[in-house]
$ cat protein32.txt   # compact mmCIF, C-alpha atoms (C1' of nucleotides)
# COMPACT_ATOMS: atom_id res chain seq x y z
CA MET A 199 -21.73 31.04 -5.93
CA ASN A 200 -19.66 31.06 -2.85
CA SER A 201 -16.18 32.22 -2.16
CA VAL A 202 -16.82 35.86 -2.75
CA LEU A 203 -16.19 36.84 0.77
CA ASP A 204 -15.24 40.35 -0.03
CA ARG A 205 -14.90 41.43 3.49
CA ASP A 206 -11.62 43.13 4.13
CA ASP A 207 -8.75 40.70 3.91
CA GLN A 208 -10.79 37.56 3.67
CA ALA A 209 -11.57 38.44 0.10
CA HIS A 210 -9.01 36.20 -1.47
CA LEU A 211 -9.47 33.18 0.75
CA LEU A 212 -10.92 29.92 -0.40
CA ARG A 213 -13.42 27.62 1.16
CA ILE A 214 -12.66 23.98 1.20
CA GLY A 215 -14.94 23.18 -1.69
CA ASP A 216 -13.25 25.72 -3.90
CA LEU A 217 -9.90 24.28 -3.06
CA ALA A 218 -11.20 20.83 -3.76
CA ARG A 219 -12.49 21.78 -7.15
CA MET A 220 -9.29 23.57 -8.00
CA THR A 221 -7.11 20.63 -7.21
CA GLY A 222 -9.33 17.70 -7.97
CA LYS A 223 -9.05 16.48 -4.41
CA SER A 224 -12.03 15.52 -2.35
CA VAL A 225 -13.08 17.51 0.64
CA ARG A 226 -12.49 14.47 2.77
CA ALA A 227 -8.96 14.16 1.51
CA ILE A 228 -8.23 17.74 2.41
CA HIS A 229 -9.63 17.18 5.86
CA LEU A 230 -7.34 14.23 6.18
CA TYR A 231 -4.29 16.18 5.10
CA GLU A 232 -5.11 18.71 7.70
CA GLU A 233 -5.45 16.11 10.41
CA LEU A 234 -2.02 14.91 9.48
CA GLY A 235 -0.61 18.38 9.60
CA LEU A 236 0.20 18.63 5.93
CA LEU A 237 -2.02 21.58 5.31
CA THR A 238 -3.53 24.21 7.54
CA PRO A 239 -6.31 26.65 6.78
CA ARG A 240 -5.18 30.17 7.31
CA THR A 241 -8.20 30.80 9.46
CA ARG A 242 -11.83 29.97 9.99
CA SER A 243 -14.94 31.92 9.28
CA SER A 244 -16.94 33.03 12.27
CA GLY A 245 -19.16 30.05 11.70
CA GLY A 246 -16.28 27.65 11.61
CA PHE A 247 -15.69 27.23 7.89
CA ARG A 248 -12.11 26.62 6.93
CA LEU A 249 -10.58 29.43 4.92
CA PHE A 250 -7.49 28.67 2.95
CA ASP A 251 -5.27 31.00 1.17
CA PRO A 252 -4.58 30.17 -2.44
CA SER A 253 -1.09 28.86 -1.86
CA ALA A 254 -2.77 25.87 -0.26
CA ALA A 255 -3.36 24.65 -3.79
CA GLU A 256 0.36 24.48 -4.36
CA GLN A 257 0.77 22.59 -1.17
CA LEU A 258 -1.83 20.12 -2.36
CA ARG A 259 0.03 19.69 -5.58
CA TRP A 260 3.14 18.99 -3.61
CA ILE A 261 1.32 16.30 -1.73
CA GLU A 262 0.14 14.84 -4.99
CA LEU A 263 3.65 14.86 -6.33
CA LEU A 264 5.08 13.01 -3.41
CA HIS A 265 2.19 10.67 -3.25
CA GLY A 266 2.69 9.76 -6.86
CA LEU A 267 6.27 9.08 -6.06
CA GLY A 268 5.49 6.59 -3.37
CA PHE A 269 5.66 8.71 -0.26
CA SER A 270 3.07 7.98 2.33
CA LEU A 271 1.28 10.80 4.05
CA GLN A 272 3.11 9.85 7.20
CA GLU A 273 6.43 10.22 5.50
CA MET A 274 5.46 13.64 4.27
CA ARG A 275 4.45 14.63 7.72
CA ASP A 276 7.69 13.36 9.17
CA LEU A 277 9.57 15.25 6.56
CA ARG A 278 7.91 18.48 7.49
CA ARG A 279 8.08 17.78 11.16
CA SER A 280 11.75 17.16 11.12
CA TRP A 281 12.19 20.42 9.33
CA TRP A 282 10.13 22.49 11.69
CA SER A 283 10.61 20.67 14.92
CA ASN A 284 13.61 22.09 16.66
CA GLU A 285 14.72 25.56 15.96
CA LEU A 286 18.01 24.16 14.88
CA GLY A 287 19.55 25.91 11.98
CA PRO A 288 21.93 24.00 9.80
CA GLU A 289 21.10 20.83 11.61
CA ALA A 290 17.56 20.78 10.39
CA MET A 291 18.91 20.98 6.92
CA GLU A 292 21.46 18.31 7.55
CA HIS A 293 18.69 16.10 8.70
CA LEU A 294 16.74 16.80 5.58
CA ARG A 295 19.77 16.17 3.46
CA GLU A 296 20.21 12.77 5.01
CA LEU A 297 16.61 11.96 4.46
CA PHE A 298 16.84 12.98 0.86
CA GLU A 299 19.92 10.93 0.40
CA ARG A 300 18.31 7.85 1.82
CA LYS A 301 15.31 8.39 -0.36
CA LEU A 302 17.53 8.87 -3.34
CA GLU A 303 19.18 5.54 -2.83
CA GLU A 304 15.86 3.89 -2.29
CA THR A 305 14.61 5.46 -5.45
CA ARG A 306 17.55 4.28 -7.47
CA ASP A 307 16.95 0.82 -6.15
CA THR A 308 13.35 1.02 -7.12
CA VAL A 309 14.25 2.13 -10.59
CA ARG A 310 16.55 -0.83 -10.95
CA ARG A 311 13.88 -3.19 -9.73
CA TYR A 312 11.33 -1.90 -12.15
CA GLN A 313 13.76 -2.05 -14.98
CA GLN A 314 14.33 -5.63 -14.19
CA LEU A 315 10.65 -6.27 -14.21
CA GLU A 316 10.48 -4.51 -17.51
CA SER A 317 12.92 -6.97 -18.89
CA GLU A 318 11.00 -9.87 -17.39
CA LEU A 319 7.92 -8.66 -19.13
CA GLU A 320 9.74 -8.33 -22.38
CA GLN A 321 10.99 -11.86 -22.09
CA GLY A 322 7.53 -13.04 -21.29
CA LEU A 323 6.12 -11.30 -24.32
CA SER A 324 8.80 -12.64 -26.50
CA TYR A 325 8.03 -16.12 -25.31
CA LEU A 326 4.37 -15.71 -26.03
CA GLN A 327 5.30 -14.36 -29.41
CA THR A 328 6.87 -17.67 -30.32
CA CYS A 329 3.65 -19.35 -29.25
CA ARG A 330 1.83 -17.36 -31.86
CA ALA A 331 3.87 -18.82 -34.58
CA CYS A 332 3.35 -22.30 -33.27
CA ALA A 333 1.17 -24.50 -35.42
CA THR A 334 -1.27 -25.49 -32.77
CA PRO A 335 -1.20 -29.24 -32.47
CA ALA A 336 -4.73 -30.47 -32.45
CA GLU A 337 -3.87 -33.53 -30.47
CA VAL A 338 -2.71 -31.54 -27.55
CA ALA A 339 -5.97 -29.66 -27.64
CA ALA A 340 -4.67 -26.39 -26.30
CA CYS A 341 -1.68 -24.15 -25.99
CA VAL A 342 -2.27 -24.26 -22.33
CA HIS A 343 -0.77 -27.67 -22.17
CA CYS A 344 1.87 -27.14 -24.79
CA ASP A 345 5.15 -28.77 -24.03
CA GLN A 346 7.26 -27.22 -26.73
CA ASP A 347 10.01 -24.94 -25.70
CA HIS A 348 9.65 -22.84 -28.80
CA GLY A 349 13.32 -22.42 -29.15
CA MET A 350 13.71 -20.75 -25.82
CA THR A 351 15.78 -22.33 -23.18
CA SER A 352 12.93 -22.25 -20.70
CA ARG A 353 9.73 -20.54 -19.91
CA PRO A 354 10.35 -17.12 -18.55
CA ALA A 355 9.56 -16.75 -14.89
CA LEU A 356 6.40 -14.79 -15.44
CA VAL A 357 4.89 -17.34 -17.76
CA ALA A 358 6.03 -20.27 -15.70
CA GLY A 359 4.17 -19.08 -12.65
CA ILE A 360 0.94 -18.70 -14.49
CA THR A 361 1.13 -22.01 -16.18
CA SER A 362 2.21 -23.97 -13.16
CA ALA A 363 -0.72 -26.19 -12.55
CA PRO A 364 -3.34 -25.40 -9.98
CA GLU A 365 -5.19 -27.95 -7.88
CA ARG A 366 -4.08 -31.49 -8.41
CA ALA A 367 -3.35 -31.16 -12.08
CA ARG A 368 0.33 -30.87 -11.53
CA ARG A 369 2.67 -32.38 -14.00
CA ARG A 370 5.39 -34.55 -12.64
CA SER A 371 8.31 -32.33 -11.91
CA GLY A 372 11.47 -33.23 -13.73
CA PRO A 373 14.67 -34.41 -12.25
CA GLY A 374 15.87 -34.61 -8.76
CA PHE A 375 14.56 -34.09 -5.34
CA VAL A 376 15.71 -31.90 -2.61
CA ARG A 377 16.14 -32.89 0.91
CA ILE A 378 15.24 -30.49 3.54
CA GLU A 379 18.67 -30.76 5.04
CA ASP A 380 20.24 -29.95 1.73
CA ILE A 381 18.49 -26.70 1.38
CA GLU A 382 19.74 -24.63 4.18
CA MET B 46 -1.84 -41.32 -14.13
CA ASN B 47 0.96 -39.78 -12.19
CA SER B 48 0.75 -38.52 -8.72
CA VAL B 49 0.15 -41.47 -6.49
CA LEU B 50 2.63 -41.00 -3.73
CA ASP B 51 4.68 -43.72 -2.31
CA ARG B 52 6.09 -43.31 1.10
CA ASP B 53 9.53 -42.50 -0.14
CA ASP B 54 8.28 -39.48 -1.94
CA GLN B 55 7.19 -37.84 1.21
CA ALA B 56 10.77 -37.60 2.28
CA HIS B 57 11.33 -35.00 -0.33
CA LEU B 58 8.37 -32.87 0.38
CA LEU B 59 8.54 -29.69 2.37
CA ARG B 60 6.56 -28.63 5.34
CA ILE B 61 5.24 -25.15 5.39
CA GLY B 62 7.91 -23.87 7.72
CA ASP B 63 10.67 -25.13 5.47
CA LEU B 64 9.10 -23.43 2.53
CA ALA B 65 8.73 -20.27 4.54
CA ARG B 66 12.38 -20.24 5.50
CA MET B 67 13.45 -20.96 1.96
CA THR B 68 11.52 -18.11 0.51
CA GLY B 69 11.47 -15.61 3.29
CA LYS B 70 7.71 -15.65 3.34
CA SER B 71 5.73 -16.09 6.51
CA VAL B 72 3.66 -19.13 7.18
CA ARG B 73 0.63 -16.94 7.30
CA ALA B 74 1.38 -15.56 3.89
CA ILE B 75 1.63 -19.02 2.43
CA HIS B 76 -1.67 -19.93 3.98
CA LEU B 77 -3.15 -16.90 2.38
CA TYR B 78 -1.79 -17.73 -1.03
CA GLU B 79 -3.31 -21.11 -0.73
CA GLU B 80 -6.68 -19.70 0.25
CA LEU B 81 -6.53 -17.61 -2.87
CA GLY B 82 -5.64 -20.56 -5.03
CA LEU B 83 -2.18 -19.37 -5.94
CA LEU B 84 -0.42 -22.32 -4.45
CA THR B 85 -1.53 -25.79 -3.50
CA PRO B 86 0.27 -28.29 -1.32
CA ARG B 87 0.84 -31.48 -3.16
CA THR B 88 -0.69 -33.38 -0.30
CA ARG B 89 -1.13 -33.50 3.45
CA SER B 90 0.49 -35.65 6.05
CA SER B 91 -1.72 -38.11 7.84
CA GLY B 92 -2.01 -35.62 10.61
CA GLY B 93 -2.99 -32.80 8.31
CA PHE B 94 0.30 -30.99 7.77
CA ARG B 95 0.68 -29.45 4.38
CA LEU B 96 3.35 -31.04 2.25
CA PHE B 97 4.66 -29.05 -0.66
CA ASP B 98 6.91 -30.15 -3.35
CA PRO B 99 9.97 -28.02 -3.89
CA SER B 100 8.68 -26.30 -6.98
CA ALA B 101 6.35 -24.46 -4.68
CA ALA B 102 9.29 -22.24 -3.88
CA GLU B 103 9.43 -21.16 -7.48
CA GLN B 104 5.78 -20.45 -7.42
CA LEU B 105 6.29 -18.29 -4.38
CA ARG B 106 9.01 -16.39 -6.14
CA TRP B 107 6.66 -15.86 -9.00
CA ILE B 108 4.13 -14.39 -6.64
CA GLU B 109 6.79 -12.12 -5.26
CA LEU B 110 7.74 -11.02 -8.72
CA LEU B 111 4.23 -10.14 -9.74
CA HIS B 112 3.59 -8.49 -6.48
CA GLY B 113 6.51 -6.24 -7.19
CA LEU B 114 4.95 -5.52 -10.55
CA GLY B 115 1.94 -4.15 -8.84
CA PHE B 116 -0.31 -7.13 -9.32
CA SER B 117 -2.67 -7.85 -6.49
CA LEU B 118 -3.13 -11.39 -5.32
CA GLN B 119 -6.57 -11.27 -6.82
CA GLU B 120 -5.18 -10.31 -10.16
CA MET B 121 -2.75 -13.17 -10.03
CA ARG B 122 -5.54 -15.52 -9.27
CA ASP B 123 -7.59 -14.16 -12.13
CA LEU B 124 -4.62 -14.50 -14.40
CA ARG B 125 -4.22 -18.14 -13.57
CA ARG B 126 -7.91 -18.71 -13.71
CA SER B 127 -8.29 -17.21 -17.11
CA TRP B 128 -5.41 -19.32 -18.27
CA TRP B 129 -6.80 -22.58 -17.00
CA SER B 130 -10.49 -21.94 -17.24
CA ASN B 131 -11.56 -22.62 -20.76
CA GLU B 132 -9.51 -24.95 -22.75
CA LEU B 133 -9.07 -22.24 -25.27
CA GLY B 134 -5.83 -22.45 -27.06
CA PRO B 135 -4.29 -19.44 -28.66
CA GLU B 136 -6.88 -17.17 -27.18
CA ALA B 137 -5.75 -17.73 -23.65
CA MET B 138 -2.31 -16.72 -24.74
CA GLU B 139 -3.52 -13.69 -26.58
CA HIS B 140 -5.23 -12.63 -23.46
CA LEU B 141 -2.07 -13.03 -21.53
CA ARG B 142 -0.09 -11.17 -24.12
CA GLU B 143 -2.38 -8.21 -23.85
CA LEU B 144 -2.11 -8.22 -20.14
CA PHE B 145 1.64 -8.29 -20.30
CA GLU B 146 1.68 -5.49 -22.76
CA ARG B 147 -0.46 -3.31 -20.59
CA LYS B 148 1.69 -4.07 -17.64
CA LEU B 149 4.79 -3.34 -19.60
CA GLU B 150 3.61 0.12 -20.43
CA GLU B 151 2.64 0.71 -16.87
CA THR B 152 6.03 -0.41 -15.75
CA ARG B 153 7.81 1.89 -18.16
CA ASP B 154 5.70 4.70 -16.85
CA THR B 155 6.64 3.81 -13.36
CA VAL B 156 10.28 3.80 -14.26
CA ARG B 157 9.94 7.23 -15.75
CA ARG B 158 8.15 8.53 -12.69
CA TYR B 159 10.79 7.25 -10.37
CA GLN B 160 13.51 8.66 -12.52
CA GLN B 161 11.80 11.97 -12.22
CA LEU B 162 11.74 11.60 -8.49
CA GLU B 163 15.41 10.81 -8.65
CA SER B 164 16.06 14.04 -10.40
CA GLU B 165 13.83 15.95 -8.01
CA LEU B 166 15.77 14.52 -5.15
CA GLU B 167 19.04 15.44 -6.77
CA GLN B 168 17.86 18.99 -7.22
CA GLY B 169 16.73 19.09 -3.65
CA LEU B 170 20.07 17.87 -2.47
CA SER B 171 21.87 20.32 -4.61
CA TYR B 172 19.76 23.10 -3.16
CA LEU B 173 20.53 22.04 0.35
CA GLN B 174 24.15 21.84 -0.61
CA THR B 175 24.16 25.52 -1.31
CA CYS B 176 22.70 26.06 2.13
CA ARG B 177 25.70 24.39 3.60
CA ALA B 178 27.97 26.96 2.15
CA CYS B 179 25.80 29.76 3.35
CA ALA B 180 27.28 31.86 6.11
CA THR B 181 24.50 31.44 8.56
CA PRO B 182 23.13 34.85 9.41
CA ALA B 183 22.93 35.02 13.14
CA GLU B 184 20.17 37.56 13.12
CA VAL B 185 17.80 35.27 11.39
CA ALA B 186 18.59 32.58 13.89
CA ALA B 187 17.95 29.60 11.69
CA CYS B 188 18.30 28.26 8.18
CA VAL B 189 14.75 27.18 8.42
CA HIS B 190 13.66 30.74 7.87
CA CYS B 191 16.34 31.64 5.42
CA ASP B 192 15.20 33.83 2.60
CA GLN B 193 18.22 33.63 0.37
CA ASP B 194 17.84 31.95 -2.92
CA HIS B 195 21.40 30.69 -2.85
CA GLY B 196 21.85 31.31 -6.51
CA MET B 197 19.08 29.02 -7.53
CA THR B 198 16.14 30.37 -9.37
CA SER B 199 13.73 28.93 -6.88
CA ARG B 200 13.35 26.28 -4.28
CA PRO B 201 12.93 22.89 -5.86
CA ALA B 202 9.44 21.50 -5.56
CA LEU B 203 10.35 19.00 -2.91
CA VAL B 204 11.93 21.57 -0.68
CA ALA B 205 9.22 24.11 -1.24
CA GLY B 206 6.51 21.77 -0.05
CA ILE B 207 8.41 20.89 3.04
CA THR B 208 9.25 24.39 3.99
CA SER B 209 5.84 25.85 3.46
CA ALA B 210 4.84 26.79 6.93
CA PRO B 211 2.72 24.59 9.11
CA GLU B 212 0.25 25.75 11.73
CA ARG B 213 -0.25 29.46 11.79
CA ALA B 214 3.34 30.37 11.25
CA ARG B 215 2.88 31.36 7.67
CA ARG B 216 5.01 34.07 6.29
CA ARG B 217 3.36 37.16 5.03
CA SER B 218 3.45 37.94 1.41
CA GLY B 219 6.58 39.68 0.36
CA PRO B 220 9.95 39.60 1.98
CA GLY B 221 10.33 39.51 5.66
CA PHE B 222 10.81 36.93 8.27
CA VAL B 223 9.00 35.12 10.94
CA ARG B 224 9.95 35.29 14.52
CA ILE B 225 10.52 32.12 16.32
CA GLU B 226 8.02 33.17 18.91
CA ASP B 227 5.43 33.28 16.20
CA ILE B 228 5.94 29.66 15.54
CA GLU B 229 4.00 27.28 17.65
C1' DT C 180 -37.05 35.31 6.01
C1' DC C 181 -36.54 31.17 3.38
C1' DA C 182 -34.45 27.80 0.67
C1' DC C 183 -30.72 25.33 -0.28
C1' DA C 184 -26.10 24.44 -1.28
C1' DC C 185 -22.00 24.18 1.61
C1' DC C 186 -19.63 23.01 5.54
C1' DC C 187 -18.86 21.13 10.32
C1' DT C 188 -17.57 16.99 13.40
C1' DT C 189 -17.79 12.20 14.51
C1' DA C 190 -17.34 7.85 13.29
C1' DC C 191 -17.81 3.61 10.97
C1' DG C 192 -16.75 1.07 6.28
C1' DT C 193 -13.39 -0.73 2.74
C1' DA C 194 -9.66 -3.41 0.50
C1' DG C 195 -5.23 -5.58 0.40
C1' DG C 196 -1.86 -8.29 2.70
C1' DC C 197 -0.72 -10.09 5.95
C1' DG C 198 0.34 -10.22 11.77
C1' DT C 199 -1.21 -12.13 15.82
C1' DT C 200 -3.32 -14.64 19.24
C1' DA C 201 -5.68 -18.96 20.85
C1' DG C 202 -6.59 -23.49 21.67
C1' DA C 203 -5.91 -27.90 19.86
C1' DT C 204 -3.09 -31.38 17.28
C1' DT C 205 1.05 -33.70 15.21
C1' DG C 206 5.83 -35.12 14.59
C1' DC C 207 9.93 -36.48 16.21
C1' DA C 208 13.94 -36.82 19.39
C1' DG C 209 15.19 -38.73 23.70
C1' DC D 47 6.04 -42.30 27.08
C1' DT D 48 7.26 -37.38 27.45
C1' DG D 49 8.29 -33.04 26.00
C1' DC D 50 8.65 -29.47 22.92
C1' DA D 51 8.62 -27.40 18.48
C1' DA D 52 5.96 -27.10 14.40
C1' DT D 53 1.33 -27.01 12.44
C1' DC D 54 -3.56 -26.79 12.22
C1' DT D 55 -8.07 -23.85 11.89
C1' DA D 56 -10.61 -19.84 12.94
C1' DA D 57 -10.99 -15.33 13.72
C1' DC D 58 -9.90 -10.77 15.04
C1' DG D 59 -6.30 -6.81 14.46
C1' DC D 60 -3.80 -3.36 11.80
C1' DC D 61 -2.47 0.10 8.37
C1' DT D 62 -3.48 3.38 4.42
C1' DA D 63 -6.11 6.76 2.16
C1' DC D 64 -9.71 7.91 1.84
C1' DG D 65 -15.53 7.02 0.99
C1' DT D 66 -19.77 7.63 3.05
C1' DA D 67 -23.27 8.56 5.97
C1' DA D 68 -25.49 10.91 10.11
C1' DG D 69 -27.03 14.82 12.40
C1' DG D 70 -26.78 19.60 12.51
C1' DG D 71 -24.98 24.40 11.65
C1' DT D 72 -23.58 28.40 8.00
C1' DG D 73 -23.82 31.69 4.09
C1' DT D 74 -26.28 33.95 0.87
C1' DG D 75 -29.25 34.99 -3.32
C1' DA D 76 -34.13 35.63 -3.94

$ encode --input "protein32.txt" --output "structure tokens"
Amino acid sequence: MNSVLDRDDQAHLLRIGDLARMTGKSVRAIHLYEELGLLTPRTRSSGGFRLFDPSAAEQLRWIELLHGLGFSLQEMRDLRRSWWSNELGPEAMEHLRELFERKLEETRDTVRRYQQLESELEQGLSYLQTCRACATPAEVAACVHCDQDHGMTSRPALVAGITSAPERARRRSGPGFVRIEDIE
Amino acid sequence: MNSVLDRDDQAHLLRIGDLARMTGKSVRAIHLYEELGLLTPRTRSSGGFRLFDPSAAEQLRWIELLHGLGFSLQEMRDLRRSWWSNELGPEAMEHLRELFERKLEETRDTVRRYQQLESELEQGLSYLQTCRACATPAEVAACVHCDQDHGMTSRPALVAGITSAPERARRRSGPGFVRIEDIE
DNA sequence: TCACACCCTTACGTAGGCGTTAGATTGCAG
DNA sequence: CTGCAATCTAACGCCTACGTAAGGGTGTGA
């Protein structure tokens, strides 16, 4: 029952709670975005209430977008700052272009990394799949201690880390030792 | 059964600093992993120095891998715990399988999201590219306030969010520009 | 005019993953 | 034996993106 401030031009402005409900953000979050300069209320009511114009919702969605894509609020602020800072013309854009290009490379890297992890996971699953088919040897008592290689050359990295023994239950590691001097 | 150390064995064990250098982790990080039960030194020197066997490096790489997958250290610990806790056989594995499958989906999602970012960035760059070709209108003073659409239907989302005005420098609805004096 | 939801500012809390002293040993080369 | 780097434990610091009061005004339908 608020937000109907039909006084002259304030009619179409939103209070922070309205904005919050519209965007699914919390009031606190919006405050924070403002502190960081990502969003500014168009004005305040005489009593000090923030009044936003509706485009603020789009701005919030932009923030959400970038946040979902791994930008920090700081980065967003820097982005905007660099754009608005100096009254440079084409240079501001050049700056932005460079930033975008860096981010693009980073992003491509990230994609590659995640694709690799995808494949790690697939290998892990495929390994565990072979375990399923394994006739559980009662003598060994549990898959957990299974020594079979199930036809795979070795345990995939993901599985190996989990099954590497904790505490002092470590199994004697296979061949060879390494000297400290040999490593570097 | 296994595991009683003779003196010679200690020659092949690593001190924490060696391990750190090998893996690029900090000493502090390794301490932390130990606190969380993700890694255990095989033994200690008589003076209390941690002595790891070289496979610890693999374990550290595993941690790194999962970290990159978005696992928290807690989750890793839980993973290992659930694996070693009950001597359940196939069930432990089933559990793990499910976990991997969930993570796999998540990862594919992540890949998609980043690919979307990639394309957003490309669009942004392409938009800014058109700016480059723009004969800078001297009257407007700066690209920053440029109103041209440069042949694109609209500003890409990334650019739009950045260029939406900060502070009280917002543009009025409709066409028109902002004076530099109005900014700041 | 009152009730009552909203909103204001200020400021401390949280969780994850370490960084960073700090003061006290330990290990090893010389 | 000395010296110096490496380690030890313990504990506080930091950053992010808010959550969550606390204490006190604001807006407005009844």

$ atom_distance --input "protein32.txt" --atom1 "atom CA of A:Arg278" --atom2 "atom CA of B:Ile207"
5.1 Å

$ atom_distance --input "protein32.txt" --atom1 "atom CA of A:Gly266" --atom2 "atom CA of B:Leu166"
14.0 Å

$ atom_distance --input "protein32.txt" --atom1 "atom C1' of D:DG71" --atom2 "atom CA of A:Leu258"
27.4 Å

$ closest_residue --input "protein32.txt" --among "B:Arg95, B:Arg147, B:Arg153, B:Arg87" --to "chain D" --atoms "all atoms listed in the file"
B:Arg95

$ closest_atom_pairs --input "protein32.txt" --of "chain D" --to "chain A" --cutoff "8 Å" --atoms "all atoms listed in the file" --output "tab-separated table"
residue	atom	partner	partner_atom	distance
D:DA63	C1'	A:Ala227	CA	8.0
D:DC64	C1'	A:Ala227	CA	6.3
D:DT72	C1'	A:Gly245	CA	6.0

$ interface_residues --input "protein32.txt" --of "chain C" --to "chain A" --cutoff "9 Å" --atoms "only C-alpha atoms (C1' of nucleotides)" --output "list of chain:residue names"
C:DC185, C:DC186, C:DC187

$ closest_residue --input "protein32.txt" --among "B:His140, B:Ala65, B:Arg89, B:Leu84" --to "chain A" --atoms "only C-alpha atoms"
B:Leu84

$ residues_around --input "protein32.txt" --residues "A:Leu326" --least-positions-apart "6" --cutoff "9 Å" --atoms "only C-alpha atoms (C1' of nucleotides)" --output "ChimeraX atom specification"
/A:357 /B:138-139,141-142

$ residues_around --input "protein32.txt" --residues "D:DC50" --least-positions-apart "2" --cutoff "12 Å" --atoms "only C-alpha atoms (C1' of nucleotides)" --output "PDB file with C-alpha atoms (C1' of nucleotides), in the frame of the given file"
ATOM      1  C1'  DT C 205       1.050 -33.700  15.210  1.00  0.00           C
ATOM      2  C1'  DG C 206       5.830 -35.120  14.590  1.00  0.00           C
ATOM      3  C1'  DC C 207       9.930 -36.480  16.210  1.00  0.00           C
ATOM      4  C1'  DA C 208      13.940 -36.820  19.390  1.00  0.00           C
ATOM      5  C1'  DG C 209      15.190 -38.730  23.700  1.00  0.00           C
TER       6       DG C 209
ATOM      7  C1'  DT D  48       7.260 -37.380  27.450  1.00  0.00           C
ATOM      8  C1'  DA D  52       5.960 -27.100  14.400  1.00  0.00           C
TER       9       DA D  52
END

$ closest_residue --input "protein32.txt" --among "A:Asp276, A:Asp251, A:Glu316, A:Glu299" --to "A:Leu356" --atoms "only C-alpha atoms"
A:Glu316

$ residues_near_point --input "protein32.txt" --point "(-11.3, -4.5, 0.6)" --cutoff "12 Å" --atoms "all atoms listed in the file" --output "JSON, numbers by chain"
{"B": [117, 119], "C": [192, 193, 194, 195, 196], "D": [62]}

$ residues_around --input "protein32.txt" --residues "stretch 55-57 of chain D" --least-positions-apart "6" --cutoff "10 Å" --atoms "only C-alpha atoms (C1' of nucleotides)" --output "ChimeraX atom specification"
/C:200-203

$ build_atoms --input "protein32.txt" --residues "stretch 223-227 of chain A" --atoms "all heavy atoms" --output "mmCIF file, keeping the file's coordinate frame"
data_model
loop_
_atom_site.group_PDB
_atom_site.id
_atom_site.type_symbol
_atom_site.label_atom_id
_atom_site.label_comp_id
_atom_site.auth_asym_id
_atom_site.auth_seq_id
_atom_site.Cartn_x
_atom_site.Cartn_y
_atom_site.Cartn_z
ATOM 1 N N LYS A 223 -9.007 17.304 -5.619
ATOM 2 C CA LYS A 223 -9.050 16.480 -4.410
ATOM 3 C C LYS A 223 -10.456 16.475 -3.848
ATOM 4 O O LYS A 223 -11.248 17.366 -4.143
ATOM 5 C CB LYS A 223 -8.097 17.063 -3.362
ATOM 6 C CG LYS A 223 -6.650 17.080 -3.781
ATOM 7 C CD LYS A 223 -6.127 15.685 -3.892
ATOM 8 C CE LYS A 223 -4.684 15.657 -4.352
ATOM 9 N NZ LYS A 223 -4.240 14.283 -4.618
ATOM 10 N N SER A 224 -10.744 15.513 -3.020
ATOM 11 C CA SER A 224 -12.030 15.520 -2.350
ATOM 12 C C SER A 224 -11.915 16.318 -1.058
ATOM 13 O O SER A 224 -10.823 16.512 -0.516
ATOM 14 C CB SER A 224 -12.467 14.099 -2.017
ATOM 15 O OG SER A 224 -11.662 13.571 -1.002
ATOM 16 N N VAL A 225 -13.050 16.772 -0.619
ATOM 17 C CA VAL A 225 -13.080 17.510 0.640
ATOM 18 C C VAL A 225 -12.534 16.627 1.761
ATOM 19 O O VAL A 225 -11.736 17.062 2.588
ATOM 20 C CB VAL A 225 -14.519 17.945 0.967
ATOM 21 C CG1 VAL A 225 -14.606 18.478 2.378
ATOM 22 C CG2 VAL A 225 -14.980 19.000 -0.032
ATOM 23 N N ARG A 226 -12.947 15.396 1.736
ATOM 24 C CA ARG A 226 -12.490 14.470 2.770
ATOM 25 C C ARG A 226 -10.972 14.340 2.780
ATOM 26 O O ARG A 226 -10.335 14.265 3.821
ATOM 27 C CB ARG A 226 -13.116 13.094 2.523
ATOM 28 C CG ARG A 226 -12.665 12.034 3.505
ATOM 29 C CD ARG A 226 -13.156 12.355 4.889
ATOM 30 N NE ARG A 226 -12.771 11.351 5.868
ATOM 31 C CZ ARG A 226 -11.734 11.466 6.679
ATOM 32 N NH1 ARG A 226 -10.975 12.539 6.624
ATOM 33 N NH2 ARG A 226 -11.464 10.527 7.556
ATOM 34 N N ALA A 227 -10.405 14.279 1.610
ATOM 35 C CA ALA A 227 -8.960 14.160 1.510
ATOM 36 C C ALA A 227 -8.287 15.370 2.142
ATOM 37 O O ALA A 227 -7.329 15.237 2.899
ATOM 38 C CB ALA A 227 -8.550 14.021 0.057
#
